[in-house]
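Content type TSV, C-alpha atoms and all ligand atoms, from the file run_2.tsv:
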chain	number	residue	atom	x	y	z
A	135	MET	CA	110.07	74.67	99.64
A	136	GLU	CA	109.44	75.06	103.36
A	137	THR	CA	105.82	75.35	104.40
A	138	ILE	CA	104.52	75.92	107.89
A	139	TRP	CA	101.52	74.35	109.66
A	140	GLY	CA	101.22	75.76	113.14
A	141	ARG	CA	104.38	74.62	114.90
A	142	ARG	CA	105.40	72.14	112.20
A	143	SER	CA	107.59	72.76	109.17
A	144	LEU	CA	106.98	70.59	106.11
A	145	ASP	CA	108.85	70.38	102.85
A	146	LEU	CA	106.49	70.61	99.86
A	147	ASP	CA	107.80	69.63	96.43
A	148	LEU	CA	106.38	70.45	93.00
A	149	THR	CA	104.22	67.32	92.92
A	150	GLY	CA	102.75	68.07	96.34
A	151	LEU	CA	102.09	71.67	95.35
A	152	ALA	CA	100.45	70.62	92.06
A	153	GLU	CA	98.12	68.33	94.05
A	154	ARG	CA	97.14	71.19	96.36
A	155	LEU	CA	96.50	73.52	93.40
A	156	ALA	CA	94.71	71.00	91.19
A	157	ASN	CA	91.23	72.49	91.59
A	158	TYR	CA	92.16	76.15	91.49
A	159	ASN	CA	92.93	78.36	88.52
A	160	ARG	CA	93.61	81.59	90.41
A	161	VAL	CA	96.53	81.82	92.83
A	162	MET	CA	97.11	84.82	95.07
A	163	LEU	CA	100.50	85.40	96.69
A	164	ASP	CA	100.70	87.59	99.80
A	165	LEU	CA	104.35	88.56	100.18
A	166	GLY	CA	105.48	89.61	103.67
A	167	THR	CA	102.28	88.09	105.00
A	168	GLY	CA	103.24	88.64	108.67
A	169	ASP	CA	100.85	86.60	110.83
A	170	GLY	CA	98.95	85.51	107.70
A	171	LYS	CA	95.67	87.14	108.69
A	172	PHE	CA	95.14	88.78	105.28
A	173	ALA	CA	95.90	85.52	103.42
A	174	PHE	CA	93.56	83.62	105.73
A	175	HIS	CA	90.79	86.20	105.31
A	176	TYR	CA	91.21	86.16	101.50
A	177	ALA	CA	91.13	82.35	101.37
A	178	ARG	CA	87.95	82.25	103.42
A	179	THR	CA	86.30	85.02	101.36
A	180	PHE	CA	87.26	83.49	97.98
A	181	PRO	CA	87.08	79.70	98.37
A	182	SER	CA	87.61	79.22	94.61
A	183	HIS	CA	91.02	80.96	94.79
A	184	PHE	CA	94.18	79.47	96.27
A	185	VAL	CA	96.19	81.75	98.56
A	186	ILE	CA	99.88	81.48	99.41
A	187	GLY	CA	101.21	83.61	102.26
A	188	VAL	CA	104.99	84.06	102.26
A	189	ASP	CA	107.13	85.48	105.05
A	190	SER	CA	110.74	85.11	106.16
A	191	CYS	CA	109.70	84.97	109.83
A	192	ARG	CA	107.96	81.79	111.03
A	193	GLU	CA	107.09	82.77	114.63
A	194	ASN	CA	104.15	85.06	113.77
A	195	LEU	CA	102.59	82.50	111.42
A	196	ARG	CA	101.79	79.80	113.96
A	197	GLU	CA	98.15	80.73	114.59
A	198	TYR	CA	96.77	81.29	111.08
A	199	SER	CA	98.86	78.55	109.46
A	200	SER	CA	97.36	75.98	111.81
A	201	THR	CA	93.79	76.63	110.62
A	202	LYS	CA	94.09	74.19	107.67
A	203	LEU	CA	91.90	75.88	105.06
A	204	PRO	CA	92.04	73.71	101.90
A	205	ASN	CA	92.88	76.76	99.76
A	206	ALA	CA	95.61	78.37	101.88
A	207	LEU	CA	99.30	77.60	102.23
A	208	PHE	CA	102.01	79.36	104.19
A	209	VAL	CA	105.60	79.36	102.95
A	210	ILE	CA	108.75	80.42	104.78
A	211	ALA	CA	110.97	82.20	102.27
A	212	ASN	CA	112.83	85.39	101.59
A	213	ALA	CA	111.16	87.72	99.14
A	214	GLN	CA	114.55	88.12	97.44
A	215	SER	CA	114.85	84.40	96.71
A	216	LEU	CA	111.36	83.01	96.25
A	217	PRO	CA	111.12	79.22	95.82
A	218	CYS	CA	111.23	78.16	92.17
A	219	GLU	CA	108.20	75.93	92.84
A	220	LEU	CA	106.13	79.14	92.72
A	221	ASN	CA	107.30	80.11	89.23
A	222	GLY	CA	104.57	81.13	86.81
A	223	LEU	CA	101.76	80.35	89.27
A	224	THR	CA	100.55	83.66	90.59
A	225	SER	CA	97.65	85.65	89.16
A	226	HIS	CA	97.68	88.29	91.91
A	227	ILE	CA	100.46	89.48	94.25
A	228	THR	CA	99.85	91.60	97.32
A	229	ILE	CA	102.54	93.26	99.43
A	230	ASN	CA	100.88	94.87	102.44
A	231	PHE	CA	102.82	97.36	104.56
A	232	PRO	CA	106.34	96.01	103.89
A	233	TRP	CA	109.20	96.89	106.16
A	234	GLY	CA	112.86	95.88	106.50
A	235	SER	CA	114.57	94.23	103.55
A	236	LEU	CA	111.28	93.75	101.67
A	237	LEU	CA	110.66	97.50	101.67
A	238	LYS	CA	114.32	98.19	100.87
A	239	SER	CA	114.17	95.91	97.83
A	240	LEU	CA	111.16	97.85	96.56
A	241	LEU	CA	112.88	101.19	97.22
A	242	ASP	CA	116.13	100.07	95.58
A	243	GLY	CA	114.40	98.32	92.68
A	244	GLU	CA	116.69	95.42	93.50
A	245	PRO	CA	117.01	93.42	90.26
A	246	LYS	CA	116.93	89.95	91.88
A	247	PHE	CA	113.78	90.83	93.82
A	248	MET	CA	112.08	92.38	90.77
A	249	ARG	CA	112.96	89.36	88.63
A	250	GLY	CA	111.51	87.12	91.36
A	251	LEU	CA	108.19	89.00	91.29
A	252	GLU	CA	108.04	88.52	87.55
A	253	ALA	CA	109.10	84.86	87.76
A	254	VAL	CA	106.28	83.86	90.13
A	255	SER	CA	103.66	85.74	88.05
A	256	CYS	CA	101.59	84.34	85.24
A	257	MET	CA	100.79	86.40	82.13
A	258	GLY	CA	98.66	89.45	82.97
A	259	ALA	CA	99.17	89.03	86.72
A	260	SER	CA	98.11	91.91	88.93
A	261	LEU	CA	100.01	93.49	91.80
A	262	THR	CA	98.91	95.58	94.78
A	263	VAL	CA	101.45	97.21	97.10
A	264	ARG	CA	100.36	99.11	100.22
A	265	LEU	CA	102.97	101.37	101.80
A	266	ASN	CA	102.85	103.10	105.15
A	267	GLY	CA	104.50	106.34	106.20
A	268	GLY	CA	106.22	105.03	109.35
A	269	ALA	CA	108.07	102.20	107.57
A	270	LEU	CA	109.19	104.57	104.80
A	271	ALA	CA	110.33	107.16	107.35
A	272	GLU	CA	112.54	104.51	108.99
A	273	GLN	CA	114.30	104.14	105.64
A	274	GLY	CA	114.63	107.90	105.20
A	275	TRP	CA	111.71	108.54	102.84
A	276	THR	CA	108.50	110.53	103.10
A	277	LEU	CA	105.31	108.67	102.22
A	278	GLU	CA	104.97	110.61	98.98
A	279	ASP	CA	108.61	110.37	97.81
A	280	GLY	CA	108.97	106.71	98.84
A	281	THR	CA	105.77	105.85	96.99
A	282	GLU	CA	106.99	107.65	93.88
A	283	GLN	CA	110.36	105.86	94.05
A	284	ILE	CA	108.66	102.44	94.32
A	285	TYR	CA	106.17	103.36	91.60
A	286	ASN	CA	109.04	104.21	89.24
A	287	ASN	CA	110.98	101.05	90.10
A	288	LEU	CA	107.98	98.82	89.49
A	289	MET	CA	107.15	100.58	86.21
A	290	GLN	CA	110.75	100.12	85.11
A	291	ALA	CA	110.47	96.42	85.96
A	292	GLY	CA	107.53	96.12	83.57
A	293	TRP	CA	104.49	96.63	85.83
A	294	ARG	CA	101.83	98.99	84.44
A	295	LEU	CA	100.57	100.88	87.48
A	296	LYS	CA	97.69	103.26	88.08
A	297	SER	CA	98.26	106.48	90.03
A	298	PRO	CA	98.83	105.91	93.77
A	299	VAL	CA	95.76	106.08	95.98
A	300	LEU	CA	95.87	107.42	99.54
A	301	MET	CA	94.43	105.15	102.25
A	302	GLN	CA	93.18	107.17	105.21
A	303	ALA	CA	92.72	105.94	108.79
A	304	GLU	CA	89.10	104.94	108.17
A	305	VAL	CA	90.07	102.68	105.27
A	306	LEU	CA	92.97	101.20	107.27
A	307	ARG	CA	90.63	100.45	110.17
A	308	GLY	CA	88.46	98.28	107.93
A	309	PHE	CA	91.34	96.59	106.12
A	310	PRO	CA	91.83	92.94	107.17
A	311	THR	CA	95.51	92.84	108.13
A	312	THR	CA	96.98	93.08	111.59
A	313	TRP	CA	99.34	95.81	110.54
A	314	ALA	CA	96.59	97.99	108.99
A	315	LYS	CA	94.80	98.02	112.35
A	316	ARG	CA	97.98	99.05	114.19
A	317	LEU	CA	98.59	101.83	111.67
A	318	ALA	CA	95.01	103.08	111.82
A	319	PHE	CA	95.34	103.76	115.54
A	320	GLY	CA	99.00	104.87	115.41
A	321	ARG	CA	100.80	108.18	115.02
A	322	ASP	CA	100.74	108.32	111.21
A	323	PRO	CA	97.55	106.61	110.02
A	324	ARG	CA	98.23	107.02	106.29
A	325	ALA	CA	99.21	104.61	103.59
A	326	MET	CA	99.48	104.59	99.81
A	327	GLN	CA	98.17	101.90	97.53
A	328	LEU	CA	99.81	101.08	94.21
A	329	SER	CA	98.14	98.65	91.88
A	330	GLY	CA	98.58	97.48	88.32
A	331	TYR	CA	99.33	94.67	85.91
A	332	LEU	CA	102.31	92.94	84.38
B	1	LIG	C1	104.86	95.36	108.88
B	1	LIG	S1	104.78	93.66	108.63
B	1	LIG	C2	103.26	93.50	107.68
B	1	LIG	C3	102.66	92.14	107.81
B	1	LIG	C4	101.32	91.93	107.07
B	1	LIG	N1	101.47	92.10	105.65
B	1	LIG	C5	100.25	92.82	107.63
B	1	LIG	O1	99.77	93.70	106.89
B	1	LIG	O2	99.84	92.64	108.79
B	1	LIG	C6	106.05	93.37	107.38
B	1	LIG	C7	106.33	91.89	107.13
B	1	LIG	O3	107.32	91.78	106.10
B	1	LIG	C8	108.12	90.66	106.39
B	1	LIG	N2	109.39	90.78	105.65
B	1	LIG	C9	110.31	91.75	105.74
B	1	LIG	N3	111.35	91.51	104.92
B	1	LIG	C10	111.05	90.34	104.28
B	1	LIG	C11	111.70	89.57	103.28
B	1	LIG	N4	112.88	89.95	102.80
B	1	LIG	N5	111.12	88.45	102.84
B	1	LIG	C12	109.90	88.05	103.33
B	1	LIG	N6	109.23	88.73	104.27
B	1	LIG	C13	109.79	89.87	104.73
B	1	LIG	C14	108.32	90.75	107.89
B	1	LIG	O4	108.75	89.50	108.46
B	1	LIG	C15	106.93	91.16	108.35
B	1	LIG	O5	106.12	90.05	108.66
Represent the structure from my file as structure tokens, please.
Amino acid sequence: METIWGRRSLDLDLTGLAERLANYNRVMLDLGTGDGKFAFHYARTFPSHFVIGVDSCRENLREYSSTKLPNALFVIANAQSLPCELNGLTSHITINFPWGSLLKSLLDGEPKFMRGLEAVSCMGASLTVRLNGGALAEQGWTLEDGTEQIYNNLMQAGWRLKSPVLMQAEVLRGFPTTWAKRLAFGRDPRAMQLSGYL
């Protein structure tokens, strides 16, 4: 699979990945990681966990991927076709403020995407999805209806979710992703959090 280190792209095979993961028994996957700030923050906060940030766009990842934390890795991949090297590894998946085809896959309950989420998860894996009103509006949904649609799709795909929780501007302001900060000071500073287990 393609990994990114600042400006360099490196291919990492299963053996190389196993070496990186050797001392960790919890792996967190941040899907649609953007600039990787959340993954970086998580890796620094939980040094005993390994964090993999995945995004289809490499340009934004240059800064955080160059920081070389031993427990963080950044992968360039499409959420709809995640590298098979990741299969069965993940104990926790986060999807923070998805937009574009990542959000559409959640809204459509796209089977290939949903199977991919399951494939990269280990038994009992947990999932947290944070959705914002502006991105849902761009796809023709209100925050409430879009959240309900995604909730139903994930439940149908086998995730056992708790009731959605509203994130207000104050919570977004303190949340360590670049996008959360933008939302907190934007026109619609609301988001919904879905979380549950496989
Ligand atoms: C609004 S940004 C949020 C970034 C980050 N999670 C944050 O909170 O700052 C949405 C991210 O989803 C990524 N994305 C959209 N569609 C994707 C896909 N199909 N596969 C992987 N990443 C995708 C975009 O490249 C972008 O970085």
Which residues are near Val305 in chain A? Cut-off 10 Å, all atoms listed in the file, ignore same chain within fewer than 2 positions. Put them as a PDB file with C-alpha atoms, keeping the file's coordinate frame.
ATOM      1  CA  LEU A 300      95.870 107.420  99.540  1.00  0.00           C
ATOM      2  CA  MET A 301      94.430 105.150 102.250  1.00  0.00           C
ATOM      3  CA  GLN A 302      93.180 107.170 105.210  1.00  0.00           C
ATOM      4  CA  ALA A 303      92.720 105.940 108.790  1.00  0.00           C
ATOM      5  CA  ARG A 307      90.630 100.450 110.170  1.00  0.00           C
ATOM      6  CA  GLY A 308      88.460  98.280 107.930  1.00  0.00           C
ATOM      7  CA  PHE A 309      91.340  96.590 106.120  1.00  0.00           C
ATOM      8  CA  ALA A 314      96.590  97.990 108.990  1.00  0.00           C
ATOM      9  CA  LYS A 315      94.800  98.020 112.350  1.00  0.00           C
ATOM     10  CA  ALA A 318      95.010 103.080 111.820  1.00  0.00           C
ATOM     11  CA  PRO A 323      97.550 106.610 110.020  1.00  0.00           C
ATOM     12  CA  ARG A 324      98.230 107.020 106.290  1.00  0.00           C
ATOM     13  CA  ALA A 325      99.210 104.610 103.590  1.00  0.00           C
TER      14      ALA A 325
END
Review point. So, counting all atoms listed in the file, which residue among A:Thr311, A:Ser199, A:Asn221, A:Gln327 is closest to His175 in chain A?
Key: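 Of A:Thr311, A:Ser199, A:Asn221, A:Gln327, the one nearest His175 in chain A, counting all atoms listed in the file, is A:Thr311.
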Practice item. Would you mind listing what lies within 6 Å of Val209 in chain A as a PyMOL selection string, with all atoms listed in the file counted and same-chain residues fewer than 2 positions away left out? Key: chain A and resi 136-137+188
Review point. Can I get the residues close to ligand LIG 1 (chain B) as a VMD selection string, where close means within 6 Å and we count only C-alpha atoms and all ligand atoms?
Key: chain A and resid 166 to 168 189 to 191 212 to 214 230 to 236 311 to 314
Exercise for review: Write out as a list in words the residues lying within 12 Å of Gly274 in chain A, counting all atoms listed in the file and excluding same-chain residues fewer than 5 positions away.
Suggested key: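 In the requested format, the answer is Leu237, Lys238, Leu241, Gly267, Gly268, Ala269, Asp279 and Gly280 of chain A.
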Go through range 210-229 of chain A residue by residue and, counting only C-alpha atoms, keep those with an atom at most 10 Å from range 143-159 of chain A; for each kept residue give the shortest atom pair and its distance in Å to one decimal, ordered by chain and increasing number, as a Markdown table.
| residue | atom | partner | partner_atom | distance |
| --- | --- | --- | --- | --- |
| A:Ile210 | CA | A:Ser143 | CA | 8.9 |
| A:Cys218 | CA | A:Leu148 | CA | 9.1 |
| A:Glu219 | CA | A:Leu148 | CA | 5.8 |
| A:Leu220 | CA | A:Leu148 | CA | 8.7 |
| A:Leu223 | CA | A:Asn159 | CA | 9.1 |
| A:Thr224 | CA | A:Asn159 | CA | 9.5 |
| A:Ser225 | CA | A:Asn159 | CA | 8.7 |
Check your understanding: Rounded to one decimal in Å, what is the spacing between CA of Ser200 in chain A and CA of Arg141 in chain A?
Key -> 7.8 Å
